[in-house]
Every structure is written in structure tokens, then in C-alpha cells.
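Source file protein-v8.txt; content: compact mmCIF, C-alpha atoms.
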```txt
# COMPACT_ATOMS: atom_id res chain seq x y z
CA MET G 132 137.13 107.93 140.17
CA PRO G 133 139.50 105.00 139.64
CA SER G 134 143.11 106.01 139.23
CA PHE G 135 143.37 104.10 135.95
CA LEU G 136 141.37 106.94 134.32
CA HIS G 137 143.89 109.66 135.27
CA GLY G 138 147.15 110.52 133.58
CA SER G 139 148.55 111.21 130.14
CA TYR G 140 146.83 109.60 127.17
CA ALA G 141 149.50 106.91 126.94
CA GLU G 142 149.34 106.18 130.65
CA VAL G 143 145.56 105.93 130.73
CA SER G 144 145.56 103.80 127.58
CA ARG G 145 147.95 101.35 129.21
CA LYS G 146 146.22 101.32 132.60
CA THR G 147 142.71 100.90 131.18
CA ARG G 148 143.76 97.95 129.05
CA GLN G 149 145.42 96.36 132.07
CA GLU G 150 142.23 96.91 134.07
CA GLY G 151 140.08 95.34 131.38
CA GLN G 152 142.37 92.31 131.20
CA ARG G 153 142.39 92.00 135.00
CA CYS G 154 138.58 92.14 135.10
CA GLY G 155 138.28 89.69 132.23
CA GLU G 156 140.62 87.18 133.85
CA GLN G 157 138.74 87.22 137.15
CA TYR G 158 135.38 86.98 135.39
CA ARG G 159 136.66 84.05 133.32
CA ASP G 160 137.97 82.24 136.41
CA GLN G 161 135.48 83.25 139.13
CA GLY G 162 132.48 84.85 137.44
CA SER G 163 133.00 88.16 139.26
CA PHE G 164 134.93 91.39 138.88
CA PRO G 165 137.62 92.90 141.12
CA ALA G 166 137.14 96.34 142.58
CA PRO G 167 139.39 99.09 141.19
CA ARG G 168 142.72 99.05 143.01
CA GLU G 169 142.66 102.76 143.83
CA LEU G 170 139.90 105.36 143.91
CA LEU G 171 140.81 109.04 143.94
CA GLU G 172 138.69 112.05 144.80
CA VAL G 173 138.25 114.41 141.87
CA PRO G 174 138.75 117.99 143.15
CA ALA G 175 135.84 120.39 142.72
CA GLY G 176 136.09 122.26 139.44
CA GLU G 177 138.40 119.68 137.86
CA VAL G 178 137.83 118.96 134.16
CA VAL G 179 136.88 115.44 133.09
CA VAL G 180 137.38 114.54 129.42
CA ALA G 181 134.20 112.70 128.49
CA HIS G 182 134.58 112.25 124.72
CA ASP G 183 137.53 111.18 122.59
CA VAL G 184 137.04 113.93 119.97
CA VAL G 185 138.20 116.60 122.43
CA ASP G 186 141.10 114.59 123.86
CA PHE G 187 143.97 115.92 121.77
CA GLN G 188 146.38 117.17 124.47
CA HIS G 189 147.82 113.71 124.96
CA GLU G 190 150.68 114.66 127.24
CA ARG G 191 148.46 116.50 129.70
CA PRO G 192 147.56 114.44 132.81
CA VAL G 193 143.77 114.67 133.11
CA TRP G 194 140.76 112.53 133.93
CA ARG G 195 139.81 110.58 130.81
CA LEU G 196 136.39 109.06 131.44
CA HIS G 197 135.86 108.23 127.77
CA MET G 198 138.71 105.71 127.95
CA MET G 199 136.46 103.34 129.84
CA ALA G 200 135.98 102.10 126.29
CA ASN G 201 139.49 100.63 126.51
CA VAL G 202 138.51 98.69 129.62
CA MET G 203 135.52 97.27 127.78
CA SER G 204 137.58 96.32 124.72
CA ALA G 205 140.23 94.54 126.78
CA LEU G 206 137.50 92.79 128.77
CA TYR G 207 135.96 91.44 125.55
CA GLU G 208 139.33 90.18 124.34
CA THR G 209 140.04 88.35 127.61
CA VAL G 210 136.82 86.43 128.21
CA GLU G 211 135.65 83.50 126.10
CA PRO G 212 134.02 84.70 122.84
CA GLN G 213 130.69 83.07 123.72
CA LYS G 214 130.57 85.03 126.99
CA THR G 215 131.34 88.48 125.55
CA PHE G 216 127.83 89.89 125.86
CA GLN G 217 127.28 88.25 129.23
CA ALA G 218 130.50 89.81 130.55
CA ARG G 219 129.61 93.19 129.06
CA ASP G 220 126.23 93.25 130.77
CA ALA G 221 127.62 92.05 134.09
CA TYR G 222 130.42 94.62 134.07
CA GLU G 223 127.98 97.40 133.26
CA ASP G 224 125.78 96.31 136.17
CA VAL G 225 128.76 96.61 138.53
CA CYS G 226 129.91 99.96 137.12
CA ARG G 227 126.46 101.53 137.28
CA ALA G 228 126.66 101.31 141.08
CA THR G 229 129.43 103.96 140.98
CA ALA G 230 129.22 107.63 140.04
CA TRP G 231 131.80 107.36 137.26
CA GLY G 232 130.32 104.16 135.86
CA ALA G 233 126.76 105.44 135.90
CA LEU G 234 127.84 108.58 134.06
CA TYR G 235 129.94 106.74 131.49
CA PHE G 236 127.19 104.34 130.49
CA THR G 237 124.65 107.17 130.35
CA ILE G 238 126.61 109.41 127.99
CA ALA G 239 128.42 106.75 125.94
CA PRO G 240 125.89 104.01 125.15
CA THR G 241 127.55 100.79 124.05
CA GLY G 242 125.87 98.12 122.00
CA PRO G 243 122.14 97.90 121.31
CA VAL G 244 120.29 100.22 123.66
CA SER G 245 116.79 99.10 124.63
CA ALA G 246 114.27 101.22 126.49
CA GLU G 247 114.66 98.99 129.54
CA ARG G 248 118.46 99.21 129.52
CA THR G 249 118.44 102.98 129.02
CA SER G 250 115.96 103.35 131.86
CA ARG G 251 118.32 101.47 134.18
CA ARG G 252 121.23 103.67 133.11
CA LEU G 253 119.38 106.89 133.78
CA GLN G 254 117.98 105.66 137.09
CA ALA G 255 121.47 104.64 138.21
CA LEU G 256 122.75 108.15 137.54
CA MET G 257 120.24 109.98 139.73
CA PRO G 258 121.70 109.15 143.19
CA PHE G 259 125.07 110.60 142.08
CA TRP G 260 123.70 113.85 140.67
CA GLU G 261 125.07 116.17 143.38
CA PRO G 262 128.67 114.86 143.49
CA LEU G 263 128.83 114.78 139.69
CA GLN G 264 127.88 118.47 139.63
CA SER G 265 131.12 119.44 141.37
CA VAL G 266 133.32 119.02 138.27
CA ARG G 267 133.22 120.17 134.63
CA TYR G 268 133.20 118.08 131.47
CA LEU G 269 134.66 118.29 127.98
CA PHE G 270 132.32 116.64 125.49
CA LYS G 271 132.46 117.00 121.68
CA THR G 272 133.27 120.76 121.73
CA VAL G 273 136.87 121.85 122.29
CA ASN G 274 137.51 124.28 125.16
CA ALA G 275 133.86 124.24 126.27
CA ALA G 276 133.81 123.00 129.86
CA LEU G 277 130.24 121.93 130.61
CA THR G 278 128.25 121.59 133.80
CA LEU G 279 126.58 118.26 134.44
CA ASP G 280 123.25 119.68 133.21
CA GLU G 281 124.89 120.96 130.03
CA LEU G 282 126.66 117.65 129.47
CA LEU G 283 123.47 115.64 129.79
CA SER G 284 121.50 118.14 127.72
CA THR G 285 123.98 117.43 124.94
CA ALA G 286 124.46 113.69 125.38
CA CYS G 287 120.88 112.75 126.29
CA ASP G 288 118.81 115.30 124.40
CA TRP G 289 117.47 112.44 122.27
CA ALA G 290 116.03 110.72 125.35
CA MET G 291 114.32 113.87 126.54
CA GLU G 292 112.94 114.65 123.08
CA ALA G 293 111.60 111.12 122.60
CA TRP G 294 110.28 110.43 126.09
CA SER G 295 109.77 113.81 127.78
CA PRO G 296 109.00 116.12 124.86
CA VAL G 297 106.53 118.57 126.37
CA GLY G 298 106.44 120.89 129.37
CA GLU G 299 109.17 122.69 131.19
CA GLY G 300 111.46 121.27 133.81
CA SER G 301 115.08 120.84 134.76
CA VAL G 302 117.34 118.43 132.93
CA ARG G 303 117.22 116.11 135.92
CA THR G 304 113.43 116.20 136.08
CA ARG G 305 113.07 115.47 132.38
CA LEU G 306 115.57 112.60 132.51
CA GLU G 307 113.85 111.13 135.56
CA LEU G 308 110.56 111.26 133.67
CA ALA G 309 112.15 109.73 130.59
CA ALA G 310 113.62 106.91 132.68
CA GLU G 311 110.28 106.24 134.35
CA ARG G 312 108.44 106.14 131.02
CA MET G 313 111.05 103.92 129.36
CA GLY G 314 110.98 101.56 132.31
CA ARG G 315 107.28 100.83 131.86
CA ALA G 316 107.02 101.37 128.09
CA THR G 317 104.75 99.15 126.04
CA HIS G 318 105.49 98.23 122.43
CA GLU G 319 103.21 101.04 121.27
CA ASP G 320 104.85 103.53 123.65
CA SER G 321 108.21 102.77 122.05
CA ILE G 322 106.78 103.14 118.55
CA GLU G 323 105.46 106.60 119.42
CA ALA G 324 108.83 107.60 120.90
CA ILE G 325 110.63 106.30 117.81
CA LEU G 326 108.31 108.26 115.50
CA ARG G 327 109.02 111.42 117.49
CA GLN G 328 112.73 110.89 116.93
CA MET G 329 112.62 109.80 113.28
CA PRO G 330 112.67 113.33 111.79
CA ARG G 331 115.87 114.03 113.71
CA ALA G 332 117.37 110.69 112.70
CA LEU G 333 116.45 111.23 109.05
CA GLN G 334 118.00 114.69 109.12
CA HIS G 335 121.33 113.14 110.13
CA ALA G 336 121.09 110.07 107.87
CA GLN G 337 123.65 110.86 105.19
CA GLY G 338 123.21 109.46 101.69
CA VAL G 339 119.75 107.90 101.94
CA LYS G 340 118.02 107.85 98.54
CA HIS G 341 114.37 107.39 99.51
CA ARG G 342 114.02 110.25 101.96
CA ASP G 343 110.36 111.00 101.17
CA VAL G 344 109.33 107.38 101.78
CA LEU G 345 111.36 107.17 104.98
CA ALA G 346 109.66 110.32 106.25
CA ASN G 347 106.20 108.75 105.92
CA PRO G 348 104.88 107.79 109.40
CA GLU G 349 102.69 105.02 107.97
CA PHE G 350 105.63 103.46 106.18
CA LEU G 351 107.65 103.64 109.38
CA ARG G 352 104.86 102.05 111.40
CA GLN G 353 104.62 99.18 108.95
CA ARG G 354 108.35 98.58 108.96
CA LEU G 355 108.59 98.77 112.74
CA ALA G 356 105.73 96.28 113.05
CA SER G 357 107.58 93.85 110.77
CA LEU G 358 110.77 93.79 112.87
CA SER G 359 111.59 90.77 115.00
CA HIS G 360 111.22 91.14 118.75
CA GLU G 361 114.99 91.32 119.16
CA ALA G 362 115.47 93.92 116.42
CA PHE G 363 112.67 96.09 117.78
CA THR G 364 114.03 95.85 121.33
CA HIS G 365 117.35 97.22 120.07
CA LEU G 366 115.50 100.30 118.78
CA SER G 367 112.97 100.65 121.58
CA ALA G 368 114.74 103.48 123.43
CA ALA G 369 114.58 105.64 120.25
CA TRP G 370 118.34 106.32 120.39
CA THR G 371 119.14 108.46 117.38
CA ALA G 372 122.24 106.54 116.27
CA GLY G 373 120.35 103.25 116.24
CA LEU G 374 117.51 104.79 114.26
CA ILE G 375 119.93 106.17 111.67
CA ARG G 376 121.37 102.69 111.15
CA GLN G 377 117.88 101.27 110.71
CA LEU G 378 116.94 103.99 108.21
CA HIS G 379 119.93 102.99 106.10
CA VAL G 380 118.81 99.35 106.22
CA TRP G 381 115.33 100.26 105.02
CA ASP G 382 116.75 102.60 102.39
CA ARG G 383 118.83 99.75 100.93
CA GLN G 384 115.81 97.45 100.97
CA LEU G 385 113.76 100.04 99.06
CA GLY G 386 116.50 100.17 96.46
CA THR G 387 116.17 96.47 95.73
CA HIS G 388 112.46 96.66 94.87
```

Rewritten as C-alpha cells:
Amino acid sequence: MPSFLHGSYAEVSRKTRQEGQRCGEQYRDQGSFPAPRELLEVPAGEVVVAHDVVDFQHERPVWRLHMMANVMSALYETVEPQKTFQARDAYEDVCRATAWGALYFTIAPTGPVSAERTSRRLQALMPFWEPLQSVRYLFKTVNAALTLDELLSTACDWAMEAWSPVGEGSVRTRLELAAERMGRATHEDSIEAILRQMPRALQHAQGVKHRDVLANPEFLRQRLASLSHEAFTHLSAAWTAGLIRQLHVWDRQLGTH
């Protein structure tokens, strides 16, 4: 992993912002990104902090994968505003060719997540499966060091439920199947995946007032069919967080009629 992800919270915060600015400056001037200055081998059994909610021991020098978000933020601030999304996509493409980058973008989706984009993320992760199994991960639950399979079962359960919902198989097998199905998904395939995930999304949608209407599959089909191509693409992976946001939009619209 790049050395800018290791250290105390303050150190990693500073180094990741510097890295994002460095990448943004080169992208602005040359249209490319520099390689990380130093890559370090993560010892077997080492713990990688993969979510900010469990990163409360700020003085402890550890691997802080979740702080890739700082790199992204500094990158956005450095490039021209009209090139923000272009730079984001290009930087993700570069990072997905590395074990740490592929894992980060798989477990911490950023921005609208289409079926096609999610498929690329999952496919990029597969070649690094074995080396990523050598360490343990902290993710959302304090003091619960997870294996790679446990991490992905937690972070990507939505993808498996929506795209690989039946039959037994390992986490890797189910994610490979989900990636393959997302990669060739038709509009109707995505609708069916979204409908499979909607009960879960509705369960976590706090404060909606028209829950019975939003639980109606025919209503959902009609509303999905009325979305613009761009709006539907943003939902097409059936990512739970995106579906919750859309349920709130529809709930507000129902309240105005």
C-alpha cells in the first residue's frame, strides 16, 4: 500500500491531502497522474482500518485505507471545476489497477454507482483476492477484525442480494457472478435487481410517509420507467444507499399531490 495511508490520523490526513493535490496538479498540467512515491508491504495479519467510524485511536500508527477519501477531496479541489468528474473517473481507473485501490473503490463507492461501474470495480478486485486475504480489516464494528470474505460480505451484501440472490457459493463466487451479470445487464435486468433490493432500502429509509405506496412493485416499476436515462443509470446497480435517496424523492413527490 502507499505510505501516505500509514501513520497517525493527523499524519495520514496531511499526507493524503498532499497526495491529492500532487495528483490534481499533474492531471491539470499533463492529463495524467503520478505514481505513489513509496509503496510498502503490509505484513500478514496487519489490521487495515477500512471505515472512518472505527478510526477513533487517532494517535495509533495504522493503515488507514478509508482516508483515500482525503485524496479524492484534495484532487477535486485542485483540478478545474469543469473537470472534476473527469478527473475522478480517471483517477479511479488508475487506482483500480492496484490491490489497495481496487479494494477501496469496491467497499467505499463514491458518487453515482451504475451497474457498469460497479461491475468494473468488482472485476478489478478479483486478481488481488489472495494478497488481500493476508491482512484483517476494521469496518463499521469496533474491535471486530474481519477477513476479506467477512469484509466484503458486509460491504457488498447488497450486490450479492440484488444480483446473485439464489444458490450457495463463496463470497468470491457470488461477487464474480454479480459482476458478470451487472456487466451485461439490460434495462429490465436492472429493474428486477432494484425491485429485489427495494424492501431492504425501504426498511432503512427513515421518515418516509407513504411507505405502503413505496412498497408497491407496480408503483416502483412505473416510477423507474419514468426516470431519465441518466437518473436510471445512477440507480442501475441497485446500491441500497442510492435507492434510499430515490425513495425519499418519490415520497416528497407523493406529498405534493

Non-local contacts of Ala166 of chain G (10 Å; only C-alpha atoms; under 2 positions in same chain excluded) as a ChimeraX atom specification: /G:133,150,154,163-164,168-170,225-226

Straight-line distance linking atom CA of Ala368 of chain G with atom CA of Leu253 of chain G, stated in Å to one decimal: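 Result for atom CA of Ala368 of chain G versus atom CA of Leu253 of chain G: 11.8 Å, one decimal.
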
Residue nearest Val179 of chain G among G:Lys340, G:Lys214, G:His379, G:His137 (counting all atoms listed in the file):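 Closest to Val179 of chain G, using all atoms listed in the file: G:His137.
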
Residue contacts of Met132 of chain G (10 Å, all atoms listed in the file) excluding same-chain residues fewer than 2 positions away, as a ChimeraX atom specification: /G:134-137,167,169-173,194,196,229-232

Atoms to include: C-alpha atoms. Write the selected residues as a PDB file, keeping the file's coordinate frame.
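Result file is result25.pdb:
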```
ATOM      1  CA  SER G 134     143.110 106.010 139.230  1.00  0.00           C
ATOM      2  CA  PHE G 135     143.370 104.100 135.950  1.00  0.00           C
ATOM      3  CA  LEU G 136     141.370 106.940 134.320  1.00  0.00           C
ATOM      4  CA  HIS G 137     143.890 109.660 135.270  1.00  0.00           C
ATOM      5  CA  PRO G 167     139.390  99.090 141.190  1.00  0.00           C
ATOM      6  CA  GLU G 169     142.660 102.760 143.830  1.00  0.00           C
ATOM      7  CA  LEU G 170     139.900 105.360 143.910  1.00  0.00           C
ATOM      8  CA  LEU G 171     140.810 109.040 143.940  1.00  0.00           C
ATOM      9  CA  GLU G 172     138.690 112.050 144.800  1.00  0.00           C
ATOM     10  CA  VAL G 173     138.250 114.410 141.870  1.00  0.00           C
ATOM     11  CA  TRP G 194     140.760 112.530 133.930  1.00  0.00           C
ATOM     12  CA  LEU G 196     136.390 109.060 131.440  1.00  0.00           C
ATOM     13  CA  THR G 229     129.430 103.960 140.980  1.00  0.00           C
ATOM     14  CA  ALA G 230     129.220 107.630 140.040  1.00  0.00           C
ATOM     15  CA  TRP G 231     131.800 107.360 137.260  1.00  0.00           C
ATOM     16  CA  GLY G 232     130.320 104.160 135.860  1.00  0.00           C
TER      17      GLY G 232
END
```

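Near Asp288 of chain G, within 10 Å and counting all atoms listed in the file, sit Leu282, Trp294, Ser295, Pro296, Val302, Arg305, Leu306, Trp370 and Thr371 of chain G, not including residues fewer than 6 positions from it in the same chain.
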
Let me see the file: selected residues, C-alpha atoms, as a PDB file, in the coordinates of the input.
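And here's result_27.pdb as it stands now:
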```pdb
ATOM      1  CA  LEU G 282     126.660 117.650 129.470  1.00  0.00           C
ATOM      2  CA  TRP G 294     110.280 110.430 126.090  1.00  0.00           C
ATOM      3  CA  SER G 295     109.770 113.810 127.780  1.00  0.00           C
ATOM      4  CA  PRO G 296     109.000 116.120 124.860  1.00  0.00           C
ATOM      5  CA  VAL G 302     117.340 118.430 132.930  1.00  0.00           C
ATOM      6  CA  ARG G 305     113.070 115.470 132.380  1.00  0.00           C
ATOM      7  CA  LEU G 306     115.570 112.600 132.510  1.00  0.00           C
ATOM      8  CA  TRP G 370     118.340 106.320 120.390  1.00  0.00           C
ATOM      9  CA  THR G 371     119.140 108.460 117.380  1.00  0.00           C
TER      10      THR G 371
END
```

Neighbour list for Pro240 of chain G as an NGL selection string, cut-off 10 Å, only C-alpha atoms, skip fewer than 3 positions in-chain: :G and (235-237 or 243-244 or 248-249 or 252 or 286 or 370 or 372)

Test item: which residues lie within 10 Å of (147.5, 110.9, 129.8) counting only C-alpha atoms, as number ranges by chain: G: 136-145, 186, 188-195

So that I can see what lies close to Gln264 of chain G, please list as a PDB file with C-alpha atoms, keeping the file's coordinate frame the residues with an atom at most 10 Å from it, counting all atoms listed in the file and leaving out residues fewer than 5 positions away in the same chain.
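selection-v8.pdb written:
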```
ATOM      1  CA  ALA G 175     135.840 120.390 142.720  1.00  0.00           C
ATOM      2  CA  GLY G 176     136.090 122.260 139.440  1.00  0.00           C
ATOM      3  CA  PHE G 259     125.070 110.600 142.080  1.00  0.00           C
ATOM      4  CA  LEU G 277     130.240 121.930 130.610  1.00  0.00           C
ATOM      5  CA  THR G 278     128.250 121.590 133.800  1.00  0.00           C
ATOM      6  CA  LEU G 279     126.580 118.260 134.440  1.00  0.00           C
ATOM      7  CA  ASP G 280     123.250 119.680 133.210  1.00  0.00           C
TER       8      ASP G 280
END
```

Nearest residue to Ala221 of chain G from the set G:Glu177, G:Ala233, G:Asp320, G:Gly162 (distances using all atoms listed in the file):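 Among the listed residues, the smallest separation from Ala221 of chain G belongs to G:Gly162.
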
Selected residue, from G:Gln161, G:Leu283, G:Arg354, G:Tyr207, that lies nearest to Val380 of chain G when counting all atoms listed in the file: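 Distance minimum relative to Val380 of chain G lands on G:Arg354.
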
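At a cut-off of 7 Å from (109.0, 105.3, 120.8), the residue set is Ala293, Asp320, Ser321, Ile322, Glu323, Ala324, Ile325, Leu326, Arg327, Ser367, Ala368 and Ala369 of chain G (counting all atoms listed in the file).
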
Point-to-point distance in Å for atom CA of Leu366 of chain G and atom CA of Ser245 of chain G: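 Between atom CA of Ser245 of chain G and atom CA of Leu366 of chain G the gap is 6.1 Å.
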
Atomic distance atom CA of Glu281 of chain G - atom CA of Gly314 of chain G, expressed in Å with one decimal: 24.0 Å

From G:Asn274, G:Ser250, G:Thr215, G:Gln384, residue lying nearest Cys287 of chain G [all atoms listed in the file]: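 Closest residue, counting all atoms listed in the file: G:Ser250.
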
Take segment 356-374 of chain G from the preceding structure and save N, CA and C atoms as a short mmCIF file (atom, residue, chain, number, x, y, z; two decimals), in the first residue's frame.
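Output saved as selection-v9.cif:
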```cif
data_model
loop_
_atom_site.label_atom_id
_atom_site.label_comp_id
_atom_site.auth_asym_id
_atom_site.auth_seq_id
_atom_site.Cartn_x
_atom_site.Cartn_y
_atom_site.Cartn_z
N ALA G 356 -39.64 3.55 -14.67
CA ALA G 356 -39.79 3.73 -16.12
C ALA G 356 -39.82 5.20 -16.50
N SER G 357 -40.23 6.07 -15.56
CA SER G 357 -40.34 7.50 -15.87
C SER G 357 -39.03 8.26 -15.66
N LEU G 358 -38.02 7.62 -15.09
CA LEU G 358 -36.74 8.30 -14.86
C LEU G 358 -36.01 8.56 -16.17
N SER G 359 -35.24 9.62 -16.20
CA SER G 359 -34.37 9.87 -17.35
C SER G 359 -33.32 8.78 -17.43
N HIS G 360 -32.69 8.68 -18.59
CA HIS G 360 -31.63 7.67 -18.77
C HIS G 360 -30.53 7.88 -17.75
N GLU G 361 -30.13 9.12 -17.53
CA GLU G 361 -29.04 9.40 -16.59
C GLU G 361 -29.43 9.03 -15.16
N ALA G 362 -30.65 9.41 -14.76
CA ALA G 362 -31.09 9.10 -13.40
C ALA G 362 -31.20 7.60 -13.18
N PHE G 363 -31.71 6.88 -14.18
CA PHE G 363 -31.83 5.43 -14.03
C PHE G 363 -30.45 4.78 -13.97
N THR G 364 -29.52 5.25 -14.78
CA THR G 364 -28.17 4.70 -14.78
C THR G 364 -27.55 4.81 -13.40
N HIS G 365 -27.81 5.92 -12.71
CA HIS G 365 -27.26 6.11 -11.37
C HIS G 365 -27.81 5.10 -10.37
N LEU G 366 -28.98 4.53 -10.65
CA LEU G 366 -29.58 3.54 -9.76
C LEU G 366 -29.37 2.11 -10.22
N SER G 367 -28.83 1.93 -11.41
CA SER G 367 -28.90 0.64 -12.09
C SER G 367 -28.16 -0.50 -11.40
N ALA G 368 -27.22 -0.19 -10.49
CA ALA G 368 -26.54 -1.25 -9.76
C ALA G 368 -27.37 -1.77 -8.60
N ALA G 369 -28.43 -1.03 -8.23
CA ALA G 369 -29.29 -1.38 -7.08
C ALA G 369 -28.57 -1.19 -5.76
N TRP G 370 -27.66 -0.22 -5.69
CA TRP G 370 -26.95 0.12 -4.46
C TRP G 370 -27.96 0.67 -3.46
N THR G 371 -27.98 0.12 -2.27
CA THR G 371 -29.00 0.45 -1.29
C THR G 371 -29.06 1.93 -0.97
N ALA G 372 -27.92 2.57 -0.77
CA ALA G 372 -27.90 3.99 -0.40
C ALA G 372 -28.54 4.85 -1.48
N GLY G 373 -28.26 4.53 -2.74
CA GLY G 373 -28.86 5.28 -3.83
C GLY G 373 -30.37 5.08 -3.90
N LEU G 374 -30.82 3.86 -3.63
CA LEU G 374 -32.25 3.58 -3.64
C LEU G 374 -32.96 4.30 -2.50
#
```
